[in-house]
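Student: See run.cif below, with mmCIF, C-alpha atoms; chains and numbers go by the auth columns.
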```cif
data_input
loop_
_atom_site.group_PDB
_atom_site.id
_atom_site.type_symbol
_atom_site.label_atom_id
_atom_site.label_comp_id
_atom_site.label_asym_id
_atom_site.label_seq_id
_atom_site.Cartn_x
_atom_site.Cartn_y
_atom_site.Cartn_z
_atom_site.B_iso_or_equiv
_atom_site.auth_seq_id
_atom_site.auth_asym_id
ATOM 1 C CA MET A 1 41.042 16.545 177.334 0.00 996 A
ATOM 2 C CA LYS A 2 39.862 16.484 180.953 0.00 997 A
ATOM 3 C CA LYS A 3 37.835 19.332 182.418 0.00 998 A
ATOM 4 C CA ARG A 4 39.431 20.957 185.480 0.00 999 A
ATOM 5 C CA VAL A 5 37.114 21.312 188.481 0.00 1000 A
ATOM 6 C CA LEU A 6 38.030 23.115 191.695 0.00 1001 A
ATOM 7 C CA ILE A 7 36.217 22.002 194.875 0.00 1002 A
ATOM 8 C CA VAL A 8 36.307 24.551 197.713 0.00 1003 A
ATOM 9 C CA ASP A 9 35.211 23.739 201.257 0.00 1004 A
ATOM 10 C CA ASP A 10 36.813 24.235 204.652 0.00 1005 A
ATOM 11 C CA PHE A 11 35.782 20.717 205.710 0.00 1006 A
ATOM 12 C CA GLY A 12 37.895 17.929 204.228 0.00 1007 A
ATOM 13 C CA SER A 13 35.005 15.501 204.699 0.00 1008 A
ATOM 14 C CA MET A 14 32.787 17.623 202.451 0.00 1009 A
ATOM 15 C CA ARG A 15 35.503 17.905 199.796 0.00 1010 A
ATOM 16 C CA ARG A 16 35.785 14.101 199.891 0.00 1011 A
ATOM 17 C CA MET A 17 31.983 13.755 199.534 0.00 1012 A
ATOM 18 C CA VAL A 18 31.933 16.056 196.506 0.00 1013 A
ATOM 19 C CA ARG A 19 34.923 14.236 194.997 0.00 1014 A
ATOM 20 C CA ALA A 20 33.188 10.858 195.545 0.00 1015 A
ATOM 21 C CA ALA A 21 29.976 12.162 193.959 0.00 1016 A
ATOM 22 C CA LEU A 22 31.948 13.253 190.871 0.00 1017 A
ATOM 23 C CA LYS A 23 34.050 10.086 190.575 0.00 1018 A
ATOM 24 C CA PRO A 24 31.738 8.514 187.933 0.00 1019 A
ATOM 25 C CA LEU A 25 32.478 11.499 185.662 0.00 1020 A
ATOM 26 C CA SER A 26 35.803 10.235 184.359 0.00 1021 A
ATOM 27 C CA TYR A 27 36.309 13.305 182.153 0.00 1022 A
ATOM 28 C CA LEU A 28 37.041 15.479 185.222 0.00 1023 A
ATOM 29 C CA GLU A 29 40.374 16.457 186.721 0.00 1024 A
ATOM 30 C CA ILE A 30 39.534 17.434 190.295 0.00 1025 A
ATOM 31 C CA HIS A 31 41.466 19.912 192.416 0.00 1026 A
ATOM 32 C CA GLU A 32 40.735 21.088 195.959 0.00 1027 A
ATOM 33 C CA ALA A 33 41.074 24.202 198.099 0.00 1028 A
ATOM 34 C CA GLU A 34 40.429 24.654 201.838 0.00 1029 A
ATOM 35 C CA HIS A 35 38.911 28.130 201.649 0.00 1030 A
ATOM 36 C CA GLY A 36 38.073 30.939 199.264 0.00 1031 A
ATOM 37 C CA LEU A 37 41.463 32.640 199.371 0.00 1032 A
ATOM 38 C CA SER A 38 43.250 29.384 198.554 0.00 1033 A
ATOM 39 C CA ALA A 39 40.768 28.812 195.724 0.00 1034 A
ATOM 40 C CA TRP A 40 41.374 32.312 194.359 0.00 1035 A
ATOM 41 C CA ASN A 41 45.123 31.686 194.327 0.00 1036 A
ATOM 42 C CA LYS A 42 44.636 28.366 192.505 0.00 1037 A
ATOM 43 C CA LEU A 43 42.378 30.032 189.933 0.00 1038 A
ATOM 44 C CA GLN A 44 45.083 32.626 189.310 0.00 1039 A
ATOM 45 C CA SER A 45 47.767 29.996 188.755 0.00 1040 A
ATOM 46 C CA ALA A 46 45.862 27.612 186.453 0.00 1041 A
ATOM 47 C CA PRO A 47 42.674 27.757 184.396 0.00 1042 A
ATOM 48 C CA HIS A 48 39.659 25.765 185.580 0.00 1043 A
ATOM 49 C CA ASP A 49 36.431 24.880 183.798 0.00 1044 A
ATOM 50 C CA LEU A 50 34.165 24.817 186.861 0.00 1045 A
ATOM 51 C CA LEU A 51 34.185 25.953 190.482 0.00 1046 A
ATOM 52 C CA ILE A 52 32.219 24.123 193.207 0.00 1047 A
ATOM 53 C CA SER A 53 32.250 26.075 196.453 0.00 1048 A
ATOM 54 C CA ASP A 54 30.839 26.211 199.949 0.00 1049 A
ATOM 55 C CA ILE A 55 29.576 29.596 201.149 0.00 1050 A
ATOM 56 C CA CYS A 56 30.607 29.792 204.823 0.00 1051 A
ATOM 57 C CA MET A 57 34.408 29.538 204.941 0.00 1052 A
ATOM 58 C CA PRO A 58 37.267 31.385 206.630 0.00 1053 A
ATOM 59 C CA HIS A 59 39.573 33.904 204.920 0.00 1054 A
ATOM 60 C CA LEU A 60 37.265 34.498 201.937 0.00 1055 A
ATOM 61 C CA ASP A 61 33.688 33.216 201.931 0.00 1056 A
ATOM 62 C CA GLY A 62 31.907 31.762 198.922 0.00 1057 A
ATOM 63 C CA TRP A 63 30.040 34.967 198.030 0.00 1058 A
ATOM 64 C CA ALA A 64 33.246 37.014 198.134 0.00 1059 A
ATOM 65 C CA LEU A 65 34.932 34.371 195.969 0.00 1060 A
ATOM 66 C CA VAL A 66 32.071 34.567 193.453 0.00 1061 A
ATOM 67 C CA GLN A 67 32.410 38.356 193.385 0.00 1062 A
ATOM 68 C CA ARG A 68 36.178 38.172 192.766 0.00 1063 A
ATOM 69 C CA VAL A 69 35.686 35.644 189.994 0.00 1064 A
ATOM 70 C CA ARG A 70 32.955 37.696 188.304 0.00 1065 A
ATOM 71 C CA GLU A 71 35.028 40.874 188.499 0.00 1066 A
ATOM 72 C CA SER A 72 38.230 39.221 187.294 0.00 1067 A
ATOM 73 C CA GLU A 73 39.689 39.730 183.884 0.00 1068 A
ATOM 74 C CA HIS A 74 40.356 36.030 183.314 0.00 1069 A
ATOM 75 C CA HIS A 75 37.336 34.234 184.857 0.00 1070 A
ATOM 76 C CA PRO A 76 34.182 36.383 184.552 0.00 1071 A
ATOM 77 C CA ALA A 77 32.106 33.602 182.971 0.00 1072 A
ATOM 78 C CA LEU A 78 33.472 30.660 184.990 0.00 1073 A
ATOM 79 C CA PRO A 79 30.543 28.387 185.888 0.00 1074 A
ATOM 80 C CA ILE A 80 30.063 28.122 189.660 0.00 1075 A
ATOM 81 C CA ILE A 81 28.047 25.701 191.773 0.00 1076 A
ATOM 82 C CA LEU A 82 27.493 26.760 195.381 0.00 1077 A
ATOM 83 C CA VAL A 83 26.919 23.840 197.757 0.00 1078 A
ATOM 84 C CA SER A 84 25.834 25.042 201.191 0.00 1079 A
ATOM 85 C CA ALA A 85 23.546 24.582 204.165 0.00 1080 A
ATOM 86 C CA GLU A 86 22.777 28.310 203.894 0.00 1081 A
ATOM 87 C CA PRO A 87 19.287 29.186 202.633 0.00 1082 A
ATOM 88 C CA ALA A 88 19.032 29.333 198.856 0.00 1083 A
ATOM 89 C CA PRO A 89 19.105 32.848 197.388 0.00 1084 A
ATOM 90 C CA ASP A 90 16.009 34.058 195.569 0.00 1085 A
ATOM 91 C CA MET A 91 17.703 34.607 192.212 0.00 1086 A
ATOM 92 C CA LEU A 92 20.966 33.494 190.655 0.00 1087 A
ATOM 93 C CA PRO A 93 22.494 34.405 187.291 0.00 1088 A
ATOM 94 C CA GLY A 94 22.675 31.712 184.615 0.00 1089 A
ATOM 95 C CA SER A 95 26.291 30.736 185.246 0.00 1090 A
ATOM 96 C CA LEU A 96 25.677 30.141 188.972 0.00 1091 A
ATOM 97 C CA ARG A 97 23.820 27.206 190.545 0.00 1092 A
ATOM 98 C CA TYR A 98 22.952 26.402 194.144 0.00 1093 A
ATOM 99 C CA LEU A 99 22.674 22.974 195.797 0.00 1094 A
ATOM 100 C CA GLY A 100 21.640 22.660 199.426 0.00 1095 A
ATOM 101 C CA LYS A 101 23.475 20.408 201.852 0.00 1096 A
ATOM 102 C CA PRO A 102 22.923 17.562 202.126 0.00 1097 A
ATOM 103 C CA PHE A 103 22.763 17.047 198.374 0.00 1098 A
ATOM 104 C CA LYS A 104 22.002 14.051 196.204 0.00 1099 A
ATOM 105 C CA PRO A 105 25.130 13.019 194.260 0.00 1100 A
ATOM 106 C CA GLU A 106 23.152 12.646 191.038 0.00 1101 A
ATOM 107 C CA LEU A 107 21.957 16.262 191.284 0.00 1102 A
ATOM 108 C CA LEU A 108 25.540 17.481 191.605 0.00 1103 A
ATOM 109 C CA ARG A 109 26.645 15.317 188.647 0.00 1104 A
ATOM 110 C CA HIS A 110 23.747 16.645 186.578 0.00 1105 A
ATOM 111 C CA ALA A 111 24.651 20.282 187.372 0.00 1106 A
ATOM 112 C CA VAL A 112 28.324 19.635 186.551 0.00 1107 A
ATOM 113 C CA ALA A 113 27.496 17.919 183.267 0.00 1108 A
ATOM 114 C CA GLU A 114 25.038 20.669 182.324 0.00 1109 A
ATOM 115 C CA PHE A 115 27.619 23.414 182.896 0.00 1110 A
ATOM 116 C CA LEU A 116 30.454 21.620 181.150 0.00 1111 A
ATOM 117 C CA TYR A 117 28.348 20.678 178.125 0.00 1112 A
ATOM 118 C CA MET A 118 27.101 24.280 177.870 0.00 1113 A
ATOM 119 C CA ALA A 119 30.743 25.418 177.783 0.00 1114 A
ATOM 120 C CA THR A 120 31.657 23.192 174.831 0.00 1115 A
#
```
Would you kindly transcribe this structure into structure tokens?

Tutor:
Amino acid sequence: MKKRVLIVDDFGSMRRMVRAALKPLSYLEIHEAEHGLSAWNKLQSAPHDLLISDICMPHLDGWALVQRVRESEHHPALPIILVSAEPAPDMLPGSLRYLGKPFKPELLRHAVAEFLYMAT
């Protein structure tokens, strides 16, 4: 069974870069959202195994999306990878990772594989 991953970024080019980086991981079913609010709606309509999100986005930024997910009844432990040009935060909880832009595709694949193997 494929693992459902939701990529969230307001730039289509960045969503394509993340998708291309994950293409070698054939066990993924990749979905996309243009901003945090769209991502939240997609998470409400279908379960996902991993969220990969930008931080600076319109309508609902990445931090607000993380907060909604963590406070939700259905997704509180959803693994999240934040990919952003924003400075890295000092501390992150175990189910949250940060990758700076630009990122190396192999680092993203490693983080994805680590989260999805931890979940199984």

Student: Name every residue that the PyMOL selection byres ((chain A and resi 1012-1022) around 12) selects in this structure, writing the answer as number ranges by chain with chains first and numbers rising.

Tutor: A: 996-1004, 1006-1011, 1023-1027, 1044, 1046-1049, 1076-1079, 1094, 1096-1108, 1111-1112

Student: Please report the interatomic distance between atom CA of Ile1075 of chain A and atom CA of Ala1041 of chain A in Å with one decimal.

Tutor: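 We find that atom CA of Ile1075 of chain A and atom CA of Ala1041 of chain A lie 16.1 Å from each other.
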
Student: Suppose a student applies the PyMOL selection byres ((chain A and resi 1059) around 12) to this structure; what residues should they get, written as a short mmCIF file (atom, residue, chain, number, x, y, z; two decimals) with C-alpha atoms, keeping the file's coordinate frame?

Tutor:
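What landed in out_28.cif:
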```cif
data_model
loop_
_atom_site.label_atom_id
_atom_site.label_comp_id
_atom_site.auth_asym_id
_atom_site.auth_seq_id
_atom_site.Cartn_x
_atom_site.Cartn_y
_atom_site.Cartn_z
CA HIS A 1030 38.91 28.13 201.65
CA GLY A 1031 38.07 30.94 199.26
CA LEU A 1032 41.46 32.64 199.37
CA ALA A 1034 40.77 28.81 195.72
CA TRP A 1035 41.37 32.31 194.36
CA SER A 1048 32.25 26.08 196.45
CA ASP A 1049 30.84 26.21 199.95
CA ILE A 1050 29.58 29.60 201.15
CA CYS A 1051 30.61 29.79 204.82
CA MET A 1052 34.41 29.54 204.94
CA PRO A 1053 37.27 31.38 206.63
CA HIS A 1054 39.57 33.90 204.92
CA LEU A 1055 37.26 34.50 201.94
CA ASP A 1056 33.69 33.22 201.93
CA GLY A 1057 31.91 31.76 198.92
CA TRP A 1058 30.04 34.97 198.03
CA LEU A 1060 34.93 34.37 195.97
CA VAL A 1061 32.07 34.57 193.45
CA GLN A 1062 32.41 38.36 193.38
CA ARG A 1063 36.18 38.17 192.77
CA VAL A 1064 35.69 35.64 189.99
CA ARG A 1065 32.96 37.70 188.30
CA GLU A 1066 35.03 40.87 188.50
#
```

Student: Quick one: pull the distance between atom CA of Glu1068 of chain A and atom CA of Gln1039 of chain A, Å, one decimal.

Tutor: 10.4 Å

Student: Env of Phe1110 of chain A: 8 Å cut, atoms = all atoms listed in the file, seq-sep filter 4 positions within chain, self excluded. Answer as a CSV table (one decimal) with C-alpha atoms, keeping the file's coordinate frame.

Tutor:
```
chain,number,residue,atom,x,y,z
A,1045,LEU,CA,34.2,24.8,186.9
A,1074,PRO,CA,30.5,28.4,185.9
A,1090,SER,CA,26.3,30.7,185.2
A,1106,ALA,CA,24.7,20.3,187.4
A,1114,ALA,CA,30.7,25.4,177.8
```
